[in-house]
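One structure is given here, and the rest of the page talks about it.
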Amino acid sequence: MSTTAAVKRVGTHNGSFHCDEALGCFMIRLTEKFSGAHIVRTRDPQVLETLDAVLDVGGVYDASRDRYDHHQKGFEEVFGHGFNTKLSSAGLVYKHFGKEIIAKELQVDEEHANVHRLFLAIYKNFIEAIDAVDNGINQYNTDQPPRYVNNTHLSSRVGKLNLDWVDPDQSAEKENTAFERAMALAGNEFLDCLRYLVRSWLPARSIVMECIEARLDVDPSGEIMVLNRSCPWKLHLFELEEEMKISPLLKYVIYQDERSNNWRVQAVKIAPDKFESRKALPAQWRGLRDDELSKESGIRGGVFVHMSGFIGGNQTYEGAVAMAKAALEL
């Protein structure tokens, strides 16, 4: 006689829901242990006690019993790996099951180096913000009021799926249907993030790493990098410089503009979220175009230099390299 394994039951609280438990419930169902689990929404301790896993309710964090609450006194769990934001139920589920979910998507073992890279990248670029919002942690160290309202982030959009107080149907069934929509919204954005990182981010990272390693072939200063394939490079550059302990830091990145076939020289910013460049292109070149630029720089094929000096162009690769080398000296 064939027997089928009983469907696991995962609990979370009823009432108003938030992004963290919606995402946590979605993610835990991606694991082998809780695949297809039934979600039970209740605050009844006797019911919670009978469930296979409990998220965001119950006052217990104990991974050995699959209990993932973060509201209890004394809870200070963080993701680690340099991250110090207090975890929500989403962060707890991700901390314990994230590598399994990523390895399954990549179809590799959990020990594969790319699994760990993605584990950190997804936390940084997706999960940490959900942990911080749920725990009431400000994004900036300031008491100043925000300069504008942002109600478009994921936690806010999930919150808007709660039943409206004017809705005459406030039944548990209607609430649970709304929670299923919240799980789908949060979960699909999580999968979109994961799949973008697998499809686009990881290959670009490899390209940027190779180009950094080849920088001394471009110029002995080590401060000029040529990007040999068009790809997103800016965030990778900062992370890889730190990881590879690059010194001196890169000042210029040269790449071909696919639309015009001209070559660009872009000054590297001092930080990913800053506008200021480490070494902007020379002041005497800024705002000049074509022959005027070639005459001023002494380099043939000049196309333009932006007024701020963050980017310039030349008709040829050799001209772009010459601009970057000259800019280092000026």
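Starting from 1 in every chain, residues are counted up; chains themselves are A, B, ... following the order of the structure tokens, and ligands are numbered from 1 as listed.
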
Using only C-alpha atoms, which residues of range 55-151 of chain A come within 6 Å of range 14-33 of chain A, and what is the closest atom pair for each, with the distance in Å to one decimal? Give it as a Markdown table, sorted by chain and residue number.
```
| residue | atom | partner | partner_atom | distance |
| --- | --- | --- | --- | --- |
| A:Ser89 | CA | A:Asp20 | CA | 5.7 |
| A:Ala90 | CA | A:Gly24 | CA | 4.3 |
| A:Val93 | CA | A:Gly24 | CA | 5.9 |
```

Q) So which residues touch Leu48 in chain A within 9 Å, counting only C-alpha atoms, skipping near sequence neighbours fewer than 3 positions away, as a ChimeraX atom specification? A) /A:10-12,40,42-45,51-54,57-58

Q: Just list the residues in range 73-121 of chain A DSSP gives alpha helix (DSSP H) on the backbone, as a PyMOL selection string.
A: chain A and resi 89-106+113-121

Next, write the just-selected residues to a file, as a JSON list (two decimals), in the first residue's frame, keeping N, CA, C and O atoms as the atom set.
```
[["chain", "number", "residue", "atom", "x", "y", "z"],
["A", 89, "SER", "N", 11.12, 38.03, 10.25],
["A", 89, "SER", "CA", 10.88, 36.61, 9.95],
["A", 89, "SER", "C", 11.39, 36.25, 8.55],
["A", 89, "SER", "O", 11.88, 35.14, 8.32],
["A", 90, "ALA", "N", 11.33, 37.22, 7.60],
["A", 90, "ALA", "CA", 11.86, 36.95, 6.26],
["A", 90, "ALA", "C", 13.37, 36.71, 6.33],
["A", 90, "ALA", "O", 13.90, 35.77, 5.72],
["A", 91, "GLY", "N", 14.08, 37.57, 7.06],
["A", 91, "GLY", "CA", 15.53, 37.43, 7.19],
["A", 91, "GLY", "C", 15.91, 36.12, 7.85],
["A", 91, "GLY", "O", 16.91, 35.49, 7.49],
["A", 92, "LEU", "N", 15.12, 35.70, 8.85],
["A", 92, "LEU", "CA", 15.41, 34.44, 9.54],
["A", 92, "LEU", "C", 15.24, 33.24, 8.59],
["A", 92, "LEU", "O", 16.10, 32.36, 8.54],
["A", 93, "VAL", "N", 14.15, 33.23, 7.85],
["A", 93, "VAL", "CA", 13.94, 32.13, 6.90],
["A", 93, "VAL", "C", 15.05, 32.14, 5.85],
["A", 93, "VAL", "O", 15.62, 31.08, 5.52],
["A", 94, "TYR", "N", 15.40, 33.33, 5.37],
["A", 94, "TYR", "CA", 16.44, 33.42, 4.35],
["A", 94, "TYR", "C", 17.79, 32.97, 4.90],
["A", 94, "TYR", "O", 18.54, 32.27, 4.21],
["A", 95, "LYS", "N", 18.09, 33.36, 6.12],
["A", 95, "LYS", "CA", 19.38, 32.98, 6.73],
["A", 95, "LYS", "C", 19.53, 31.46, 6.79],
["A", 95, "LYS", "O", 20.62, 30.93, 6.56],
["A", 96, "HIS", "N", 18.44, 30.77, 7.08],
["A", 96, "HIS", "CA", 18.52, 29.31, 7.26],
["A", 96, "HIS", "C", 18.26, 28.52, 5.97],
["A", 96, "HIS", "O", 18.75, 27.40, 5.85],
["A", 97, "PHE", "N", 17.50, 29.09, 5.04],
["A", 97, "PHE", "CA", 17.12, 28.32, 3.85],
["A", 97, "PHE", "C", 17.57, 28.96, 2.53],
["A", 97, "PHE", "O", 17.39, 28.37, 1.47],
["A", 98, "GLY", "N", 18.15, 30.17, 2.60],
["A", 98, "GLY", "CA", 18.50, 30.90, 1.38],
["A", 98, "GLY", "C", 19.43, 30.13, 0.46],
["A", 98, "GLY", "O", 19.23, 30.10, -0.76],
["A", 99, "LYS", "N", 20.45, 29.51, 1.03],
["A", 99, "LYS", "CA", 21.41, 28.79, 0.19],
["A", 99, "LYS", "C", 20.76, 27.60, -0.52],
["A", 99, "LYS", "O", 21.07, 27.32, -1.68],
["A", 100, "GLU", "N", 19.86, 26.92, 0.17],
["A", 100, "GLU", "CA", 19.15, 25.80, -0.47],
["A", 100, "GLU", "C", 18.32, 26.30, -1.65],
["A", 100, "GLU", "O", 18.32, 25.70, -2.73],
["A", 101, "ILE", "N", 17.60, 27.43, -1.46],
["A", 101, "ILE", "CA", 16.75, 27.99, -2.51],
["A", 101, "ILE", "C", 17.59, 28.42, -3.71],
["A", 101, "ILE", "O", 17.24, 28.14, -4.86],
["A", 102, "ILE", "N", 18.73, 29.06, -3.44],
["A", 102, "ILE", "CA", 19.60, 29.54, -4.52],
["A", 102, "ILE", "C", 20.23, 28.36, -5.27],
["A", 102, "ILE", "O", 20.27, 28.34, -6.50],
["A", 103, "ALA", "N", 20.73, 27.37, -4.52],
["A", 103, "ALA", "CA", 21.36, 26.20, -5.15],
["A", 103, "ALA", "C", 20.37, 25.47, -6.06],
["A", 103, "ALA", "O", 20.73, 25.00, -7.15],
["A", 104, "LYS", "N", 19.12, 25.39, -5.62],
["A", 104, "LYS", "CA", 18.08, 24.73, -6.40],
["A", 104, "LYS", "C", 17.85, 25.50, -7.72],
["A", 104, "LYS", "O", 17.72, 24.90, -8.79],
["A", 105, "GLU", "N", 17.83, 26.84, -7.63],
["A", 105, "GLU", "CA", 17.64, 27.67, -8.83],
["A", 105, "GLU", "C", 18.82, 27.53, -9.79],
["A", 105, "GLU", "O", 18.64, 27.47, -11.01],
["A", 106, "LEU", "N", 20.04, 27.46, -9.24],
["A", 106, "LEU", "CA", 21.25, 27.33, -10.05],
["A", 106, "LEU", "C", 21.50, 25.89, -10.51],
["A", 106, "LEU", "O", 22.32, 25.66, -11.40],
["A", 113, "ALA", "N", 30.70, 28.16, -5.11],
["A", 113, "ALA", "CA", 31.09, 29.54, -4.76],
["A", 113, "ALA", "C", 30.02, 30.54, -5.17],
["A", 113, "ALA", "O", 29.79, 31.53, -4.46],
["A", 114, "ASN", "N", 29.35, 30.32, -6.30],
["A", 114, "ASN", "CA", 28.33, 31.27, -6.75],
["A", 114, "ASN", "C", 27.12, 31.30, -5.83],
["A", 114, "ASN", "O", 26.43, 32.33, -5.74],
["A", 115, "VAL", "N", 26.84, 30.19, -5.15],
["A", 115, "VAL", "CA", 25.72, 30.17, -4.20],
["A", 115, "VAL", "C", 26.00, 31.15, -3.06],
["A", 115, "VAL", "O", 25.13, 31.95, -2.68],
["A", 116, "HIS", "N", 27.21, 31.13, -2.54],
["A", 116, "HIS", "CA", 27.55, 32.05, -1.44],
["A", 116, "HIS", "C", 27.53, 33.50, -1.92],
["A", 116, "HIS", "O", 27.02, 34.39, -1.22],
["A", 117, "ARG", "N", 28.05, 33.75, -3.12],
["A", 117, "ARG", "CA", 28.03, 35.12, -3.67],
["A", 117, "ARG", "C", 26.61, 35.64, -3.78],
["A", 117, "ARG", "O", 26.30, 36.78, -3.41],
["A", 118, "LEU", "N", 25.72, 34.80, -4.31],
["A", 118, "LEU", "CA", 24.32, 35.20, -4.47],
["A", 118, "LEU", "C", 23.63, 35.33, -3.13],
["A", 118, "LEU", "O", 22.77, 36.21, -2.94],
["A", 119, "PHE", "N", 23.96, 34.46, -2.19],
["A", 119, "PHE", "CA", 23.39, 34.51, -0.84],
["A", 119, "PHE", "C", 23.62, 35.88, -0.22],
["A", 119, "PHE", "O", 22.70, 36.48, 0.35],
["A", 120, "LEU", "N", 24.83, 36.42, -0.36],
["A", 120, "LEU", "CA", 25.15, 37.75, 0.17],
["A", 120, "LEU", "C", 24.49, 38.84, -0.67],
["A", 120, "LEU", "O", 23.96, 39.82, -0.13],
["A", 121, "ALA", "N", 24.52, 38.69, -1.99],
["A", 121, "ALA", "CA", 23.99, 39.73, -2.88],
["A", 121, "ALA", "C", 22.49, 39.90, -2.72],
["A", 121, "ALA", "O", 21.97, 41.03, -2.73]]
```

(Q) Please compute the CA of Ser155 in chain A-CA of Glu76 in chain A distance, one decimal, in Å. (A)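 Going from CA of Ser155 in chain A over to CA of Glu76 in chain A covers 21.2 Å.
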
Residues of range 110-136 of chain A that approach range 171-194 of chain A to 9 Å or less, counting only C-alpha atoms: could you list each one with the shortest pair of atoms and its distance in Å to one decimal, rows by chain and increasing residue number, as JSON lines?
```
{"residue": "A:Leu118", "atom": "CA", "partner": "A:Leu194", "partner_atom": "CA", "distance": 7.8}
{"residue": "A:Ile122", "atom": "CA", "partner": "A:Leu194", "partner_atom": "CA", "distance": 6.8}
{"residue": "A:Asn125", "atom": "CA", "partner": "A:Cys193", "partner_atom": "CA", "distance": 8.3}
{"residue": "A:Phe126", "atom": "CA", "partner": "A:Phe190", "partner_atom": "CA", "distance": 7.3}
{"residue": "A:Ile127", "atom": "CA", "partner": "A:Phe190", "partner_atom": "CA", "distance": 8.4}
```

Q: Measuring atom to atom with only C-alpha atoms, identify which of A:Phe75, A:Trp233, A:Trp285, A:Tyr123 is nearest to Ser206 in chain A.
A: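 Among the listed residues, A:Trp233 lies closest to Ser206 in chain A.
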
**Q.** Which residue of A:Val253, A:Ile299, A:Leu161, A:Val133 approaches Asp219 in chain A most closely, using only C-alpha atoms
**A.**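 Under the stated criterion, the closest residue is A:Val253.
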
Q.
Run DSSP on the backbone and tell me which residues of range 34-213 of chain A come out as strand (DSSP E or B); list them as a PyMOL selection string.
A. chain A and resi 38-41+53-55+61-62+67-68+78-80+83-86

(Q) Excluding Ser200 in chain A and its own-chain neighbours fewer than 5 positions away, which residues fall within 9 Å of it when counting only C-alpha atoms? Please give them as a list in words. (A) Arg195, Arg205, Cys231 and Pro232 of chain A

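Comparing the minimum interatomic distances between Ala6 in chain A and each of A:Val108, A:Ala204, A:Leu240, A:Ala37, counting only C-alpha atoms, we find that A:Ala37 sits nearest.
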
**Q.** Gap from CA of Leu227 in chain A to CA of Met323 in chain A - Å, one decimal
**A.**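 CA of Met323 in chain A lies 15.6 Å from CA of Leu227 in chain A.
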
Q.
I'd like to know which of A:Val321, A:Leu250, A:Val166, A:Val47 is closest to Gly301 in chain A, using only C-alpha atoms.
A.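 Once distances to Gly301 in chain A are computed over only C-alpha atoms, the minimum belongs to A:Val321.
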
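The shortest atom-to-atom distance to Gly319 in chain A, with only C-alpha atoms taken into account, belongs to A:Gly298 out of A:Arg229, A:Pro203, A:Asp131, A:Gly298.
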
Q. Which distance in Å separates CA of Lys245 in chain A and CA of Gly222 in chain A, to one decimal?
A.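 Those two atoms sit 12.6 Å apart.
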
Q) With only C-alpha atoms as the atoms that count, which of A:His70, A:Arg147, A:His306, A:Lys269 lies nearest to Asp56 in chain A? A)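 Of A:His70, A:Arg147, A:His306, A:Lys269, the one nearest Asp56 in chain A, counting only C-alpha atoms, is A:His70.
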